[in-house]
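Below is one structure, written out as structure tokens; the observations come after it.
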Amino acid sequence: MKILLIGNGAREHAIAEALKKSPKCSALLVYASAVNPGIRDLAAVYHVGALNDAQAIQAFADENKADFAVVGPENPLADGVVDVLSMVGIPSASPTKQMAQVESSKSFTRDLLAKHNVPGGPEFKVFTSADGMMEFASKLGEIVVKADGLKGGKGVQVMGDHFETLEEGVLIAKDYAEKDGKVVIEEKFIGQEFSLMSFVDGEHVVDMPVIQDHKRAFEDDKGPNTGGMGTYSYPENLPFLTEKDLEEAHEINVKTVEALKEEFGEGYKGVLYGGFIATKNGVRLIEYNVRFGDPEAMNVFSLLESDFVDVCQAIIKGNLDELEIRFTKKATVCKYAVPEGYPTNPVKGETIKISDLPDGVNQFYAAVNEKDGQLIMTGSRAVAFVGVADEIEKAEALAQQAVEGVKGPIFYRKDIGTRALIQKRVEMMKSLRD
Ligand code: GLY
């Protein structure tokens, strides 16, 4: 099969490797916004073009006779690339525009989940103007303000993190309402966040290993928010979650898939990524994404034993229930090397050198170009390293050894996946639950 992959980050590098590993993949066709040297080396055809140009993506897929498509990032999904590809008979293991609203509109998702009685939602209200904002925010006490549309991870403002008082929060909400026509104000949750991604074929929901991401740039969860500095997973559950937490998160994903089917009369297909938080009162849904997480995809693909082409075909055909999807029962730790100054003022155009990798480490390129055999950083997260081992300590040590071997103006979070940081999470949850 000729398989189209859209996107060019480390997440897509991990997807590309998984597709290419399958004996069923005769050619990988890549449509990307920039050259990723890791993906380019796997591709039969690599085309650089605008990711928001669905017609150009359709023409590329049609000319190259793609059998099906996998879409990496959220923006082309929100623009409807899956619908445009289906017009020329190319199916996708990714959601349509209608379904992608679960990520591209915060108000759509909160309203949908409330209407269909999906558990795990906050108290919330959608506002189109400033009327009643202060009254509602005061009732909640601590709030989160969410811009309605996609904002590249910058549209969620949390009281205590991004602003201090209700007055400041309401000012932000007014601004979003004026710019986007809508804004969501909702209750703030206290607890530990985790990612539970599921493969969905319209009806059946198959979970991937549960993962924790680290959004803040600096150690000890300090500094500005980033796309994600690194992630870890355990062979089984995360140590700060109970089995019941995991069941609740799974149930929220299942009920959301049912709600989408009731709402639209057709099923959600692709990856449904629930951003959850474990609180003292149980699991709550922070937000949905309609794609693999980045860095979460690197953990998952380091563990996936099953043929990913089979998984994609089952998503498309609707028979995930007939496939046994297996993951290796090991721990993973992913650490990103990012340019100095990232995310606010990153150095660009600087060269990095990567040392030989220890056994048990996977490497995925993100925002790097290759020129005259040298790797040049382009300003965002540069390279991800995933350590895979029986124990988390070993997986962390492997990822650390690999990221330390990068020479150049970069930094990384040494604390991700360490016992000390994970123990803090465990103690925080324990004190909340006691
Ligand atoms: N891990 C954060 C994201 O993929 O949006």
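Order determines the names: the first chain of the structure tokens is A, the second B, and so forth; residues in each chain are numbered 1 upward, and ligands are numbered 1 upward as they are shown.
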* Polymer residues at most 12 Å from range 74-88 of chain A, only C-alpha atoms, same-chain spacing of 5 or more positions, as a count of residues only -> 58
Using only C-alpha atoms, I'd like a table of the residues in range 31-132 of chain A that come within 12 Å of range 189-196 of chain A; for each, show the closest atom pair and its distance in Å rounded to one decimal, ordered by chain and ascending number, as JSON lines.
```
{"residue": "A:Gly120", "atom": "CA", "partner": "A:Phe189", "partner_atom": "CA", "distance": 11.0}
{"residue": "A:Gly121", "atom": "CA", "partner": "A:Phe189", "partner_atom": "CA", "distance": 10.4}
{"residue": "A:Pro122", "atom": "CA", "partner": "A:Phe189", "partner_atom": "CA", "distance": 8.1}
{"residue": "A:Glu123", "atom": "CA", "partner": "A:Phe189", "partner_atom": "CA", "distance": 10.3}
```
* To do: Show which residues sit within 12 Å of Asp310 in chain A, as a ChimeraX atom specification. Count only C-alpha atoms, and ignore same-chain residues fewer than 3 positions away.
  => /A:1,18-19,21-25,68,93,199,304-307,313-320,322-326
Picked from range 24-268 of chain A by DSSP as helix (DSSP H, G or I), as a PDB file with C-alpha atoms, in the first residue's frame:
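Result written to result16.pdb:
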```pdb
ATOM      1  CA  PRO A  37      15.584  14.493   7.734  1.00  0.00           C
ATOM      2  CA  GLY A  38      14.344  11.428   9.623  1.00  0.00           C
ATOM      3  CA  ILE A  39      11.038  11.266   7.741  1.00  0.00           C
ATOM      4  CA  ARG A  40      12.633  12.166   4.394  1.00  0.00           C
ATOM      5  CA  ALA A  54      -6.186  20.940   1.478  1.00  0.00           C
ATOM      6  CA  GLN A  55      -6.529  21.098  -2.332  1.00  0.00           C
ATOM      7  CA  ALA A  56      -2.740  20.771  -2.762  1.00  0.00           C
ATOM      8  CA  ILE A  57      -2.694  17.828  -0.331  1.00  0.00           C
ATOM      9  CA  GLN A  58      -5.540  16.206  -2.288  1.00  0.00           C
ATOM     10  CA  ALA A  59      -3.696  16.699  -5.597  1.00  0.00           C
ATOM     11  CA  PHE A  60      -0.474  15.210  -4.121  1.00  0.00           C
ATOM     12  CA  ALA A  61      -2.343  12.202  -2.713  1.00  0.00           C
ATOM     13  CA  ASP A  62      -4.284  11.630  -5.923  1.00  0.00           C
ATOM     14  CA  GLU A  63      -1.255  11.930  -8.236  1.00  0.00           C
ATOM     15  CA  GLU A  74      -4.479  19.255  14.368  1.00  0.00           C
ATOM     16  CA  ASN A  75      -4.653  22.202  11.942  1.00  0.00           C
ATOM     17  CA  PRO A  76      -5.178  20.232   8.697  1.00  0.00           C
ATOM     18  CA  LEU A  77      -7.787  18.127  10.542  1.00  0.00           C
ATOM     19  CA  ALA A  78      -9.640  21.245  11.669  1.00  0.00           C
ATOM     20  CA  ASP A  79      -9.465  22.529   8.074  1.00  0.00           C
ATOM     21  CA  VAL A  81      -8.287  17.621   4.933  1.00  0.00           C
ATOM     22  CA  VAL A  82      -9.876  14.207   5.645  1.00  0.00           C
ATOM     23  CA  ASP A  83     -13.129  15.304   3.953  1.00  0.00           C
ATOM     24  CA  VAL A  84     -11.233  16.688   0.957  1.00  0.00           C
ATOM     25  CA  LEU A  85      -9.227  13.453   0.563  1.00  0.00           C
ATOM     26  CA  SER A  86     -12.388  11.357   0.774  1.00  0.00           C
ATOM     27  CA  LYS A  97     -13.697  18.233  10.063  1.00  0.00           C
ATOM     28  CA  GLN A  98     -16.995  17.761  11.874  1.00  0.00           C
ATOM     29  CA  MET A  99     -15.375  15.381  14.385  1.00  0.00           C
ATOM     30  CA  ALA A 100     -12.218  17.474  14.696  1.00  0.00           C
ATOM     31  CA  GLN A 101     -14.331  20.153  16.402  1.00  0.00           C
ATOM     32  CA  VAL A 102     -13.706  18.170  19.581  1.00  0.00           C
ATOM     33  CA  GLU A 103     -10.274  19.808  19.519  1.00  0.00           C
ATOM     34  CA  SER A 104     -10.875  22.890  17.388  1.00  0.00           C
ATOM     35  CA  LYS A 106     -13.723  24.218  23.227  1.00  0.00           C
ATOM     36  CA  SER A 107     -17.345  25.410  23.430  1.00  0.00           C
ATOM     37  CA  PHE A 108     -18.507  22.688  21.016  1.00  0.00           C
ATOM     38  CA  THR A 109     -16.920  20.006  23.191  1.00  0.00           C
ATOM     39  CA  ARG A 110     -18.205  21.279  26.522  1.00  0.00           C
ATOM     40  CA  ASP A 111     -21.733  21.717  25.106  1.00  0.00           C
ATOM     41  CA  LEU A 112     -21.678  18.281  23.422  1.00  0.00           C
ATOM     42  CA  LEU A 113     -20.490  16.464  26.534  1.00  0.00           C
ATOM     43  CA  ALA A 114     -23.032  18.259  28.751  1.00  0.00           C
ATOM     44  CA  LYS A 115     -25.880  17.576  26.304  1.00  0.00           C
ATOM     45  CA  MET A 133     -18.887  36.838  33.127  1.00  0.00           C
ATOM     46  CA  MET A 134     -17.910  38.324  36.492  1.00  0.00           C
ATOM     47  CA  GLU A 135     -20.951  36.895  38.236  1.00  0.00           C
ATOM     48  CA  PHE A 136     -20.248  33.383  36.909  1.00  0.00           C
ATOM     49  CA  ALA A 137     -16.480  33.585  37.600  1.00  0.00           C
ATOM     50  CA  SER A 138     -17.166  34.710  41.203  1.00  0.00           C
ATOM     51  CA  LYS A 139     -19.471  31.739  41.699  1.00  0.00           C
ATOM     52  CA  LEU A 140     -16.687  29.348  40.611  1.00  0.00           C
ATOM     53  CA  LEU A 166     -10.881  36.975  38.764  1.00  0.00           C
ATOM     54  CA  GLU A 167     -10.781  40.525  37.358  1.00  0.00           C
ATOM     55  CA  GLU A 168      -7.711  39.670  35.262  1.00  0.00           C
ATOM     56  CA  GLY A 169      -9.316  36.420  34.106  1.00  0.00           C
ATOM     57  CA  VAL A 170     -12.492  38.208  33.050  1.00  0.00           C
ATOM     58  CA  LEU A 171     -10.453  40.769  31.088  1.00  0.00           C
ATOM     59  CA  ILE A 172      -8.777  37.905  29.181  1.00  0.00           C
ATOM     60  CA  ALA A 173     -12.166  36.260  28.596  1.00  0.00           C
ATOM     61  CA  LYS A 174     -13.631  39.547  27.240  1.00  0.00           C
ATOM     62  CA  ASP A 175     -10.700  39.850  24.856  1.00  0.00           C
ATOM     63  CA  TYR A 176     -11.174  36.273  23.569  1.00  0.00           C
ATOM     64  CA  ALA A 177     -14.927  36.796  23.188  1.00  0.00           C
ATOM     65  CA  GLU A 178     -14.318  39.955  21.138  1.00  0.00           C
ATOM     66  CA  LYS A 179     -11.724  38.279  18.910  1.00  0.00           C
ATOM     67  CA  ASP A 180     -13.321  34.850  18.405  1.00  0.00           C
ATOM     68  CA  GLU A 219      12.791  21.728  35.909  1.00  0.00           C
ATOM     69  CA  ASP A 220      10.326  21.405  38.779  1.00  0.00           C
ATOM     70  CA  ASP A 221       7.523  22.545  36.442  1.00  0.00           C
ATOM     71  CA  GLU A 243      -7.189   1.455  38.408  1.00  0.00           C
ATOM     72  CA  LYS A 244     -10.494   3.246  38.949  1.00  0.00           C
ATOM     73  CA  ASP A 245      -9.002   6.495  37.606  1.00  0.00           C
ATOM     74  CA  LEU A 246      -7.939   4.722  34.447  1.00  0.00           C
ATOM     75  CA  GLU A 247     -11.368   3.089  34.070  1.00  0.00           C
ATOM     76  CA  GLU A 248     -13.066   6.470  34.515  1.00  0.00           C
ATOM     77  CA  ALA A 249     -10.869   8.053  31.837  1.00  0.00           C
ATOM     78  CA  HIS A 250     -11.587   5.156  29.455  1.00  0.00           C
ATOM     79  CA  GLU A 251     -15.310   5.496  30.146  1.00  0.00           C
ATOM     80  CA  ILE A 252     -15.207   9.235  29.343  1.00  0.00           C
ATOM     81  CA  ASN A 253     -13.531   8.447  25.982  1.00  0.00           C
ATOM     82  CA  VAL A 254     -16.153   5.743  25.255  1.00  0.00           C
ATOM     83  CA  LYS A 255     -19.068   8.019  26.170  1.00  0.00           C
ATOM     84  CA  THR A 256     -17.634  10.854  24.070  1.00  0.00           C
ATOM     85  CA  VAL A 257     -17.430   8.544  21.044  1.00  0.00           C
ATOM     86  CA  GLU A 258     -21.069   7.541  21.655  1.00  0.00           C
ATOM     87  CA  ALA A 259     -22.055  11.200  22.020  1.00  0.00           C
ATOM     88  CA  LEU A 260     -20.408  12.049  18.684  1.00  0.00           C
ATOM     89  CA  LYS A 261     -22.256   9.201  16.988  1.00  0.00           C
ATOM     90  CA  GLU A 262     -25.595  10.321  18.419  1.00  0.00           C
ATOM     91  CA  GLU A 263     -24.888  13.916  17.471  1.00  0.00           C
ATOM     92  CA  PHE A 264     -23.749  13.341  13.894  1.00  0.00           C
TER      93      PHE A 264
END
```
* Nearest to ligand 1, chosen from A:Lys125, A:Lys20, A:His116, A:Lys215, with only C-alpha atoms and all ligand atoms counted in the distances -> A:Lys215
* Between CA of Ile143 in chain A and CA of Val156 in chain A, measure the distance and give it in Å to one decimal. =>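 Computed distance, CA of Ile143 in chain A to CA of Val156 in chain A, equals 10.8 Å.
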* Asked: Using only C-alpha atoms, which of A:Glu396, A:Asp131, A:Glu266, A:Glu370 sits nearest Arg413 in chain A?
  -> A:Glu396
